file final.cif (mmCIF, C-alpha atoms)
data_entry
#
loop_
_atom_site.group_PDB
_atom_site.id
_atom_site.type_symbol
_atom_site.label_atom_id
_atom_site.label_comp_id
_atom_site.auth_asym_id
_atom_site.auth_seq_id
_atom_site.Cartn_x
_atom_site.Cartn_y
_atom_site.Cartn_z
ATOM 1 C CA MET A 1 8.286 -21.135 -10.232
ATOM 2 C CA ARG A 2 5.805 -19.047 -12.188
ATOM 3 C CA ALA A 3 5.841 -15.321 -11.513
ATOM 4 C CA VAL A 4 4.443 -12.128 -12.993
ATOM 5 C CA ARG A 5 7.215 -9.682 -13.917
ATOM 6 C CA PHE A 6 7.833 -6.477 -15.834
ATOM 7 C CA HIS A 7 11.158 -5.693 -17.506
ATOM 8 C CA GLU A 8 10.332 -2.060 -18.289
ATOM 9 C CA HIS A 9 7.889 0.537 -17.030
ATOM 10 C CA GLY A 10 4.627 1.057 -18.853
ATOM 11 C CA GLY A 11 1.005 -0.005 -19.058
ATOM 12 C CA PRO A 12 -0.467 -3.374 -18.069
ATOM 13 C CA GLU A 13 0.893 -4.863 -21.307
ATOM 14 C CA VAL A 14 4.427 -4.937 -19.831
ATOM 15 C CA LEU A 15 3.348 -7.617 -17.334
ATOM 16 C CA THR A 16 4.255 -11.183 -18.348
ATOM 17 C CA VAL A 17 4.091 -14.588 -16.654
ATOM 18 C CA GLU A 18 7.516 -16.229 -16.639
ATOM 19 C CA GLU A 19 9.257 -19.320 -15.325
ATOM 20 C CA ILE A 20 12.062 -18.177 -13.008
ATOM 21 C CA PRO A 21 14.125 -19.822 -10.235
ATOM 22 C CA ARG A 22 12.407 -20.167 -6.891
ATOM 23 C CA PRO A 23 13.961 -17.694 -4.434
ATOM 24 C CA GLU A 24 16.163 -18.900 -1.603
ATOM 25 C CA PRO A 25 15.326 -17.252 1.729
ATOM 26 C CA ASP A 26 18.045 -15.199 3.422
ATOM 27 C CA ALA A 27 18.896 -15.927 7.033
ATOM 28 C CA ASP A 28 16.174 -13.581 8.322
ATOM 29 C CA GLU A 29 13.519 -14.605 5.782
ATOM 30 C CA VAL A 30 10.923 -17.292 5.269
ATOM 31 C CA LEU A 31 9.892 -18.673 1.906
ATOM 32 C CA VAL A 32 6.107 -18.510 1.560
ATOM 33 C CA ASP A 33 4.203 -20.842 -0.743
ATOM 34 C CA VAL A 34 1.730 -18.208 -1.923
ATOM 35 C CA ASP A 35 -1.938 -19.214 -1.885
ATOM 36 C CA ALA A 36 -3.245 -15.676 -2.438
ATOM 37 C CA ALA A 37 -1.856 -12.222 -3.187
ATOM 38 C CA ALA A 38 -3.769 -8.945 -3.281
ATOM 39 C CA ILE A 39 -3.879 -6.285 -5.972
ATOM 40 C CA ASN A 40 -3.451 -2.691 -4.788
ATOM 41 C CA PRO A 41 -3.328 0.659 -6.630
ATOM 42 C CA VAL A 42 0.291 1.058 -5.512
ATOM 43 C CA ASP A 43 1.196 -1.918 -7.735
ATOM 44 C CA THR A 44 0.366 0.199 -10.771
ATOM 45 C CA TYR A 45 2.513 3.103 -9.522
ATOM 46 C CA PHE A 46 5.586 0.852 -9.375
ATOM 47 C CA ARG A 47 4.775 -0.650 -12.778
ATOM 48 C CA GLU A 48 4.320 2.765 -14.410
ATOM 49 C CA GLY A 49 7.485 4.164 -12.830
ATOM 50 C CA GLY A 50 5.835 6.784 -10.618
ATOM 51 C CA TYR A 51 7.407 4.971 -7.666
ATOM 52 C CA ASP A 52 10.832 3.364 -8.045
ATOM 53 C CA PRO A 53 10.923 -0.377 -7.381
ATOM 54 C CA GLY A 54 14.113 -2.354 -7.038
ATOM 55 C CA GLU A 55 16.222 -3.330 -10.019
ATOM 56 C CA LEU A 56 14.198 -4.590 -12.997
ATOM 57 C CA PRO A 57 12.870 -7.128 -13.858
ATOM 58 C CA TRP A 58 10.378 -6.822 -11.023
ATOM 59 C CA ILE A 59 7.593 -8.928 -9.479
ATOM 60 C CA PRO A 60 4.622 -6.742 -8.419
ATOM 61 C CA GLY A 61 2.488 -7.281 -5.349
ATOM 62 C CA SER A 62 2.715 -5.939 -1.795
ATOM 63 C CA ASP A 63 0.954 -8.602 0.280
ATOM 64 C CA CYS A 64 0.221 -12.322 0.355
ATOM 65 C CA ALA A 65 -0.953 -15.236 2.447
ATOM 66 C CA GLY A 66 0.129 -18.846 2.312
ATOM 67 C CA THR A 67 2.179 -21.573 3.953
ATOM 68 C CA VAL A 68 5.795 -21.448 5.097
ATOM 69 C CA ALA A 69 7.828 -23.664 2.747
ATOM 70 C CA GLU A 70 11.303 -22.947 4.156
ATOM 71 C CA VAL A 71 12.844 -20.880 6.955
ATOM 72 C CA GLY A 72 16.130 -18.986 7.067
ATOM 73 C CA ALA A 73 18.864 -19.898 9.523
ATOM 74 C CA ASP A 74 18.109 -17.024 11.919
ATOM 75 C CA VAL A 75 14.302 -17.342 11.896
ATOM 76 C CA ASP A 76 12.908 -18.669 15.172
ATOM 77 C CA GLY A 77 9.258 -17.601 15.119
ATOM 78 C CA TYR A 78 8.066 -19.778 12.230
ATOM 79 C CA ASP A 79 8.267 -23.380 11.080
ATOM 80 C CA GLU A 80 7.577 -25.113 7.803
ATOM 81 C CA GLY A 81 3.844 -25.586 7.345
ATOM 82 C CA ASP A 82 2.802 -22.520 9.356
ATOM 83 C CA ARG A 83 -0.033 -20.434 7.912
ATOM 84 C CA VAL A 84 1.063 -16.803 7.511
ATOM 85 C CA PHE A 85 0.174 -13.463 5.927
ATOM 86 C CA ALA A 86 2.557 -10.678 4.989
ATOM 87 C CA THR A 87 2.890 -7.170 3.616
ATOM 88 C CA GLY A 88 5.478 -4.468 2.910
ATOM 89 C CA LEU A 89 6.836 -6.128 -0.227
ATOM 90 C CA GLY A 90 6.918 -5.054 -3.879
ATOM 91 C CA ASN A 91 8.931 -1.876 -3.243
ATOM 92 C CA TRP A 92 12.601 -2.645 -2.500
ATOM 93 C CA LEU A 93 11.728 -6.330 -1.991
ATOM 94 C CA GLN A 94 10.443 -8.479 -4.849
ATOM 95 C CA GLY A 95 6.662 -8.789 -4.777
ATOM 96 C CA THR A 96 4.060 -11.442 -4.254
ATOM 97 C CA CYS A 97 2.363 -12.146 -7.616
ATOM 98 C CA ALA A 98 4.216 -15.438 -7.864
ATOM 99 C CA GLU A 99 4.010 -19.015 -6.640
ATOM 100 C CA TYR A 100 6.616 -18.317 -3.924
ATOM 101 C CA ALA A 101 7.790 -15.173 -2.139
ATOM 102 C CA ALA A 102 10.790 -14.585 0.138
ATOM 103 C CA VAL A 103 9.545 -12.538 3.103
ATOM 104 C CA PRO A 104 11.543 -11.028 6.004
ATOM 105 C CA GLU A 105 10.394 -12.402 9.349
ATOM 106 C CA SER A 106 9.583 -8.818 10.397
ATOM 107 C CA HIS A 107 7.023 -8.496 7.578
ATOM 108 C CA LEU A 108 4.640 -11.337 8.433
ATOM 109 C CA ALA A 109 2.470 -12.850 11.150
ATOM 110 C CA HIS A 110 0.647 -16.086 11.820
ATOM 111 C CA LEU A 111 -2.734 -16.335 10.095
ATOM 112 C CA PRO A 112 -5.474 -17.734 12.356
ATOM 113 C CA ASP A 113 -6.751 -21.189 11.347
ATOM 114 C CA GLY A 114 -10.287 -19.919 10.835
ATOM 115 C CA VAL A 115 -9.240 -17.252 8.317
ATOM 116 C CA ASP A 116 -8.885 -18.260 4.651
ATOM 117 C CA PHE A 117 -5.837 -17.267 2.624
ATOM 118 C CA GLU A 118 -7.778 -14.908 0.351
ATOM 119 C CA THR A 119 -8.949 -12.886 3.344
ATOM 120 C CA GLY A 120 -5.440 -12.859 4.797
ATOM 121 C CA ALA A 121 -3.929 -11.519 1.588
ATOM 122 C CA ALA A 122 -6.747 -9.022 1.064
ATOM 123 C CA ILE A 123 -6.429 -7.482 4.519
ATOM 124 C CA ALA A 124 -2.658 -7.283 4.959
ATOM 125 C CA LEU A 125 -1.700 -4.003 3.247
ATOM 126 C CA VAL A 126 -5.003 -2.204 3.783
ATOM 127 C CA GLY A 127 -5.221 -3.404 7.369
ATOM 128 C CA VAL A 128 -1.763 -2.076 8.215
ATOM 129 C CA THR A 129 -2.614 1.188 6.429
ATOM 130 C CA ALA A 130 -5.873 1.567 8.354
ATOM 131 C CA TRP A 131 -4.018 0.865 11.602
ATOM 132 C CA GLN A 132 -1.365 3.438 10.730
ATOM 133 C CA THR A 133 -3.973 6.117 10.002
ATOM 134 C CA LEU A 134 -6.394 5.570 12.863
ATOM 135 C CA VAL A 135 -4.277 4.197 15.698
ATOM 136 C CA ASP A 136 -0.640 5.191 15.203
ATOM 137 C CA ALA A 137 -1.006 8.551 13.459
ATOM 138 C CA CYS A 138 -4.300 9.881 14.834
ATOM 139 C CA SER A 139 -4.706 8.056 18.173
ATOM 140 C CA LEU A 140 -8.442 7.436 17.704
ATOM 141 C CA GLU A 141 -10.108 6.933 21.072
ATOM 142 C CA PRO A 142 -13.342 5.207 22.171
ATOM 143 C CA GLY A 143 -16.320 7.523 21.898
ATOM 144 C CA GLU A 144 -14.709 9.800 19.311
ATOM 145 C CA ARG A 145 -16.154 10.243 15.821
ATOM 146 C CA ALA A 146 -14.244 9.098 12.719
ATOM 147 C CA LEU A 147 -14.986 10.120 9.143
ATOM 148 C CA ILE A 148 -13.781 7.584 6.559
ATOM 149 C CA HIS A 149 -13.871 8.927 3.013
ATOM 150 C CA GLY A 150 -14.481 6.147 0.485
ATOM 151 C CA GLY A 151 -15.707 3.455 2.844
ATOM 152 C CA SER A 152 -16.166 0.912 0.052
ATOM 153 C CA GLY A 153 -12.470 1.000 -0.886
ATOM 154 C CA GLY A 154 -9.787 -1.419 0.219
ATOM 155 C CA VAL A 155 -8.482 0.723 3.067
ATOM 156 C CA GLY A 156 -11.876 2.321 3.639
ATOM 157 C CA HIS A 157 -13.893 -0.812 4.412
ATOM 158 C CA VAL A 158 -11.220 -2.027 6.843
ATOM 159 C CA ALA A 159 -10.892 1.418 8.454
ATOM 160 C CA VAL A 160 -14.655 1.407 9.090
ATOM 161 C CA GLN A 161 -14.340 -1.898 10.954
ATOM 162 C CA LEU A 162 -11.207 -0.912 12.842
ATOM 163 C CA ALA A 163 -12.709 2.394 13.965
ATOM 164 C CA ALA A 164 -15.836 0.593 15.146
ATOM 165 C CA ALA A 165 -13.707 -1.987 16.980
ATOM 166 C CA THR A 166 -12.010 0.811 18.943
ATOM 167 C CA GLY A 167 -15.402 1.989 20.183
ATOM 168 C CA ALA A 168 -15.540 5.077 17.995
ATOM 169 C CA ARG A 169 -18.622 6.303 16.142
ATOM 170 C CA VAL A 170 -18.149 6.003 12.385
ATOM 171 C CA THR A 171 -19.302 8.156 9.479
ATOM 172 C CA THR A 172 -18.354 7.032 5.980
ATOM 173 C CA THR A 173 -19.070 7.953 2.373
ATOM 174 C CA ALA A 174 -19.797 5.578 -0.505
ATOM 175 C CA ALA A 175 -22.054 4.968 -3.470
ATOM 176 C CA PRO A 176 -25.589 3.965 -2.409
ATOM 177 C CA GLU A 177 -25.229 0.325 -3.483
ATOM 178 C CA TYR A 178 -22.671 -0.219 -0.710
ATOM 179 C CA HIS A 179 -24.508 1.485 2.147
ATOM 180 C CA ASP A 180 -26.198 -1.571 3.654
ATOM 181 C CA ARG A 181 -22.990 -3.625 3.711
ATOM 182 C CA LEU A 182 -21.014 -0.796 5.287
ATOM 183 C CA ARG A 183 -23.582 -0.548 8.053
ATOM 184 C CA THR A 184 -23.130 -4.252 8.771
ATOM 185 C CA LEU A 185 -19.362 -3.672 8.887
ATOM 186 C CA GLY A 186 -19.819 -1.117 11.660
ATOM 187 C CA ALA A 187 -20.611 2.287 10.146
ATOM 188 C CA ASP A 188 -23.125 4.355 12.110
ATOM 189 C CA ASP A 189 -23.813 6.879 9.345
ATOM 190 C CA VAL A 190 -23.293 6.143 5.630
ATOM 191 C CA LEU A 191 -23.596 9.049 3.193
ATOM 192 C CA ASP A 192 -23.627 9.281 -0.587
ATOM 193 C CA TYR A 193 -20.410 11.103 -1.468
ATOM 194 C CA ARG A 194 -22.188 12.762 -4.425
ATOM 195 C CA ARG A 195 -24.858 14.562 -2.417
ATOM 196 C CA GLU A 196 -24.726 18.348 -2.684
ATOM 197 C CA ASP A 197 -25.223 18.864 1.046
ATOM 198 C CA LEU A 198 -22.485 16.420 2.072
ATOM 199 C CA GLU A 199 -20.794 18.909 4.392
ATOM 200 C CA ASP A 200 -24.021 19.587 6.270
ATOM 201 C CA ALA A 201 -24.780 15.858 6.473
ATOM 202 C CA VAL A 202 -21.345 15.071 7.958
ATOM 203 C CA VAL A 203 -21.700 17.823 10.555
ATOM 204 C CA GLU A 204 -25.201 16.651 11.437
ATOM 205 C CA ALA A 205 -23.907 13.112 12.027
ATOM 206 C CA GLY A 206 -21.225 14.569 14.315
ATOM 207 C CA ARG A 207 -18.101 16.591 13.656
ATOM 208 C CA PRO A 208 -15.286 14.045 13.241
ATOM 209 C CA ASP A 209 -12.293 13.985 15.549
ATOM 210 C CA VAL A 210 -10.351 11.856 13.050
ATOM 211 C CA ILE A 211 -10.669 11.939 9.263
ATOM 212 C CA VAL A 212 -9.174 9.359 6.875
ATOM 213 C CA ASP A 213 -8.723 11.061 3.484
ATOM 214 C CA HIS A 214 -7.471 9.319 0.324
ATOM 215 C CA ARG A 215 -8.147 12.293 -1.988
ATOM 216 C CA LEU A 216 -6.581 15.365 -0.424
ATOM 217 C CA ASP A 217 -6.907 17.470 -3.570
ATOM 218 C CA ASP A 218 -10.678 16.928 -3.434
ATOM 219 C CA TYR A 219 -11.387 16.964 0.293
ATOM 220 C CA LEU A 220 -8.618 18.625 2.328
ATOM 221 C CA SER A 221 -10.409 21.953 2.741
ATOM 222 C CA PHE A 222 -13.703 20.078 3.221
ATOM 223 C CA ASP A 223 -12.027 18.129 6.033
ATOM 224 C CA VAL A 224 -11.059 21.304 7.874
ATOM 225 C CA ASP A 225 -14.571 22.717 7.483
ATOM 226 C CA VAL A 226 -16.246 19.661 9.049
ATOM 227 C CA ALA A 227 -13.589 18.674 11.610
ATOM 228 C CA ALA A 228 -14.105 18.970 15.329
ATOM 229 C CA GLN A 229 -11.820 21.217 17.378
ATOM 230 C CA SER A 230 -8.323 19.648 17.456
ATOM 231 C CA GLY A 231 -9.341 17.291 14.683
ATOM 232 C CA ARG A 232 -6.706 15.006 13.154
ATOM 233 C CA ILE A 233 -6.542 14.281 9.418
ATOM 234 C CA ALA A 234 -4.807 11.138 8.154
ATOM 235 C CA ALA A 235 -3.547 12.039 4.685
ATOM 236 C CA MET A 236 -3.300 8.890 2.574
ATOM 237 C CA GLY A 237 -3.225 10.049 -1.024
ATOM 238 C CA ASN A 238 -3.913 12.641 -3.697
ATOM 239 C CA THR A 239 -3.679 13.012 -7.467
ATOM 240 C CA ASP A 240 -2.512 16.649 -7.428
ATOM 241 C CA PRO A 241 0.921 17.193 -5.814
ATOM 242 C CA ALA A 242 -0.110 20.754 -4.966
ATOM 243 C CA ALA A 243 -3.066 19.798 -2.753
ATOM 244 C CA THR A 244 -3.258 22.288 0.103
ATOM 245 C CA PHE A 245 -5.557 24.238 2.429
ATOM 246 C CA GLU A 246 -7.760 27.059 1.196
ATOM 247 C CA ASN A 247 -7.992 28.694 4.638
ATOM 248 C CA VAL A 248 -4.871 28.374 6.778
ATOM 249 C CA PRO A 249 -6.144 30.663 9.596
ATOM 250 C CA GLN A 250 -9.140 28.344 9.984
ATOM 251 C CA CYS A 251 -6.744 25.417 10.458
ATOM 252 C CA ARG A 252 -4.927 27.310 13.193
ATOM 253 C CA ALA A 253 -8.152 28.352 14.873
ATOM 254 C CA LYS A 254 -9.378 24.769 14.926
ATOM 255 C CA ASP A 255 -5.935 23.403 15.879
ATOM 256 C CA VAL A 256 -6.236 20.889 13.044
ATOM 257 C CA SER A 257 -3.284 18.554 12.491
ATOM 258 C CA VAL A 258 -2.448 16.593 9.331
ATOM 259 C CA HIS A 259 -0.568 13.297 9.462
ATOM 260 C CA HIS A 260 0.859 12.056 6.168
ATOM 261 C CA VAL A 261 0.784 8.277 6.162
ATOM 262 C CA SER A 262 2.517 5.656 4.015
ATOM 263 C CA MET A 263 2.057 1.987 4.797
ATOM 264 C CA PHE A 264 5.646 1.335 3.713
ATOM 265 C CA ASN A 265 6.867 3.554 6.596
ATOM 266 C CA THR A 266 5.394 1.202 9.206
ATOM 267 C CA PRO A 267 8.231 0.513 11.691
ATOM 268 C CA ASP A 268 7.107 -3.047 12.501
ATOM 269 C CA PHE A 269 4.821 -4.735 9.987
ATOM 270 C CA GLY A 270 4.706 -7.981 11.932
ATOM 271 C CA ALA A 271 3.489 -6.372 15.153
ATOM 272 C CA VAL A 272 0.568 -4.666 13.406
ATOM 273 C CA LEU A 273 -0.289 -7.810 11.444
ATOM 274 C CA GLY A 274 -0.345 -9.694 14.744
ATOM 275 C CA ARG A 275 -2.922 -7.252 16.148
ATOM 276 C CA LEU A 276 -4.996 -7.603 12.987
ATOM 277 C CA ALA A 277 -4.780 -11.396 13.321
ATOM 278 C CA ASN A 278 -6.318 -11.152 16.796
ATOM 279 C CA LEU A 279 -9.206 -9.077 15.447
ATOM 280 C CA LEU A 280 -9.667 -11.520 12.556
ATOM 281 C CA GLU A 281 -9.726 -14.465 14.947
ATOM 282 C CA ASP A 282 -12.275 -12.760 17.200
ATOM 283 C CA GLY A 283 -14.560 -11.932 14.266
ATOM 284 C CA ASP A 284 -14.157 -8.162 14.707
ATOM 285 C CA LEU A 285 -12.466 -7.722 11.339
ATOM 286 C CA THR A 286 -12.705 -9.203 7.857
ATOM 287 C CA ALA A 287 -11.878 -8.322 4.272
ATOM 288 C CA GLU A 288 -14.364 -8.250 1.428
ATOM 289 C CA VAL A 289 -12.984 -10.064 -1.639
ATOM 290 C CA ALA A 290 -14.746 -8.585 -4.658
ATOM 291 C CA ASP A 291 -13.091 -10.804 -7.292
ATOM 292 C CA THR A 292 -10.241 -13.272 -7.818
ATOM 293 C CA TYR A 293 -7.782 -13.633 -10.697
ATOM 294 C CA HIS A 294 -5.117 -16.095 -11.886
ATOM 295 C CA LEU A 295 -1.506 -15.100 -12.516
ATOM 296 C CA VAL A 296 -2.176 -14.741 -16.245
ATOM 297 C CA GLU A 297 -4.901 -12.203 -15.388
ATOM 298 C CA VAL A 298 -2.816 -9.862 -13.207
ATOM 299 C CA ALA A 299 -2.753 -7.231 -15.968
ATOM 300 C CA ASP A 300 -6.571 -7.273 -16.009
ATOM 301 C CA ALA A 301 -6.656 -7.048 -12.215
ATOM 302 C CA GLN A 302 -4.344 -4.010 -12.221
ATOM 303 C CA GLU A 303 -6.599 -2.310 -14.750
ATOM 304 C CA ASP A 304 -9.706 -3.150 -12.733
ATOM 305 C CA VAL A 305 -8.290 -1.912 -9.419
ATOM 306 C CA MET A 306 -7.924 1.551 -10.967
ATOM 307 C CA SER A 307 -11.106 1.692 -13.043
ATOM 308 C CA GLU A 308 -13.851 -0.546 -11.631
ATOM 309 C CA SER A 309 -16.262 0.187 -8.776
ATOM 310 C CA PHE A 310 -16.392 -2.540 -6.132
ATOM 311 C CA LEU A 311 -16.436 -3.009 -2.373
ATOM 312 C CA GLY A 312 -13.261 -4.425 -0.876
ATOM 313 C CA LYS A 313 -10.260 -5.990 -2.583
ATOM 314 C CA LEU A 314 -9.121 -7.914 -5.668
ATOM 315 C CA VAL A 315 -7.097 -11.067 -5.070
ATOM 316 C CA VAL A 316 -4.761 -13.226 -7.177
ATOM 317 C CA THR A 317 -4.612 -16.984 -6.583
ATOM 318 C CA PRO A 318 -1.413 -18.397 -8.196
#
call {"tool": "encode", "arguments": {"input": "final.cif", "output": "structure tokens"}}
result
Amino acid sequence: MRAVRFHEHGGPEVLTVEEIPRPEPDADEVLVDVDAAAINPVDTYFREGGYDPGELPWIPGSDCAGTVAEVGADVDGYDEGDRVFATGLGNWLQGTCAEYAAVPESHLAHLPDGVDFETGAAIALVGVTAWQTLVDACSLEPGERALIHGGSGGVGHVAVQLAAATGARVTTTAAPEYHDRLRTLGADDVLDYRREDLEDAVVEAGRPDVIVDHRLDDYLSFDVDVAAQSGRIAAMGNTDPAATFENVPQCRAKDVSVHHVSMFNTPDFGAVLGRLANLLEDGDLTAEVADTYHLVEVADAQEDVMSESFLGKLVVTP
């Protein structure tokens, strides 16, 4: 099969398309004929060596969608020909930027017939992440207010929809060109993240009970300032390892809690993907695919995911 691999850590130039043997599924795995795989920022962290993947050479890619080509001896929930989507790969399991991927049964779910493969791949990782932040970590309830920083991002635009689907009121931030689309996806209040009075605008919309923050070094203290009493902050990412609070007594007074979230720590990928599949089938959830790439363009896609402005996700079609 054809697969994208890197044999050493470095920039996008270390990625090459190679002919390698098609993997054989273990007893608890299915072999997926990959129709689409998504590009995520985490792919670049593994490639650069900031996160440690398995033994090199390595195939990048954390999620995919496609058709079951073969099932392991102990797999009983899937048959050849089933449409599926998966996530949780590309870390200690070889990734998905390839024509085939071996996926543990616990890491995938059935993809509804009415959902195309590109959408399935695009929503897998970010959908599980959004679920982890809003539902598992922060227990968002109907009628509460959620603040989603970066609503045009991969996780952000799904978190907006998921929060709205729970019955919560949603505030999000984004560049002005994405405001109308985010409102159609379920946001009640969409704010330009560059406005000087952003804190006042968030408070005016309604102090958030739950905040999804992907830039803690920029917004952690902001989050505490705007949060409602007993607010919960889902901490997804930061560029400065030393990100911290400026006013700890204020955190105590507000009873603010911070929940550090990593999608790869999800205890049961398949169960969450199954819930997302229900929302996809009912039309309550979708993924915006901003652009598609071929395998030979994965290096370009990894550059774009870190440098370009777009709403939604980038997808590879092998």
call {"tool": "residues_around", "arguments": {"input": "final.cif", "residues": "segment 133-143 of chain A", "least_positions_apart": "3", "cutoff": "8 Å", "atoms": "all atoms listed in the file", "output": "ChimeraX atom specification"}}
result
/A:129-130,146,159,163,166-169,209-210,212,232-236,259,261
call {"tool": "atom_distance", "arguments": {"input": "final.cif", "atom1": "atom CA of Phe6 of chain A", "atom2": "atom CA of Ala36 of chain A"}}
result
19.7 Å
call {"tool": "residues_around", "arguments": {"input": "final.cif", "residues": "Asp218 of chain A", "least_positions_apart": "5", "cutoff": "12 Å", "atoms": "only C-alpha atoms", "output": "ChimeraX atom specification"}}
result
/A:149,193,213,223,235,237-246
call {"tool": "closest_residue", "arguments": {"input": "final.cif", "among": "A:Ala69, A:Leu93, A:Val103, A:Ala227", "to": "Asp26 of chain A", "atoms": "all atoms listed in the file"}}
result
A:Val103
call {"tool": "resolve_selection", "arguments": {"input": "final.cif", "expression": "the PyMOL selection byres ((chain A and resi 47-61) around 9)", "output": "PyMOL selection string"}}
result
chain A and resi 3-12+14-15+37-40+42-46+62-64+87+89-98
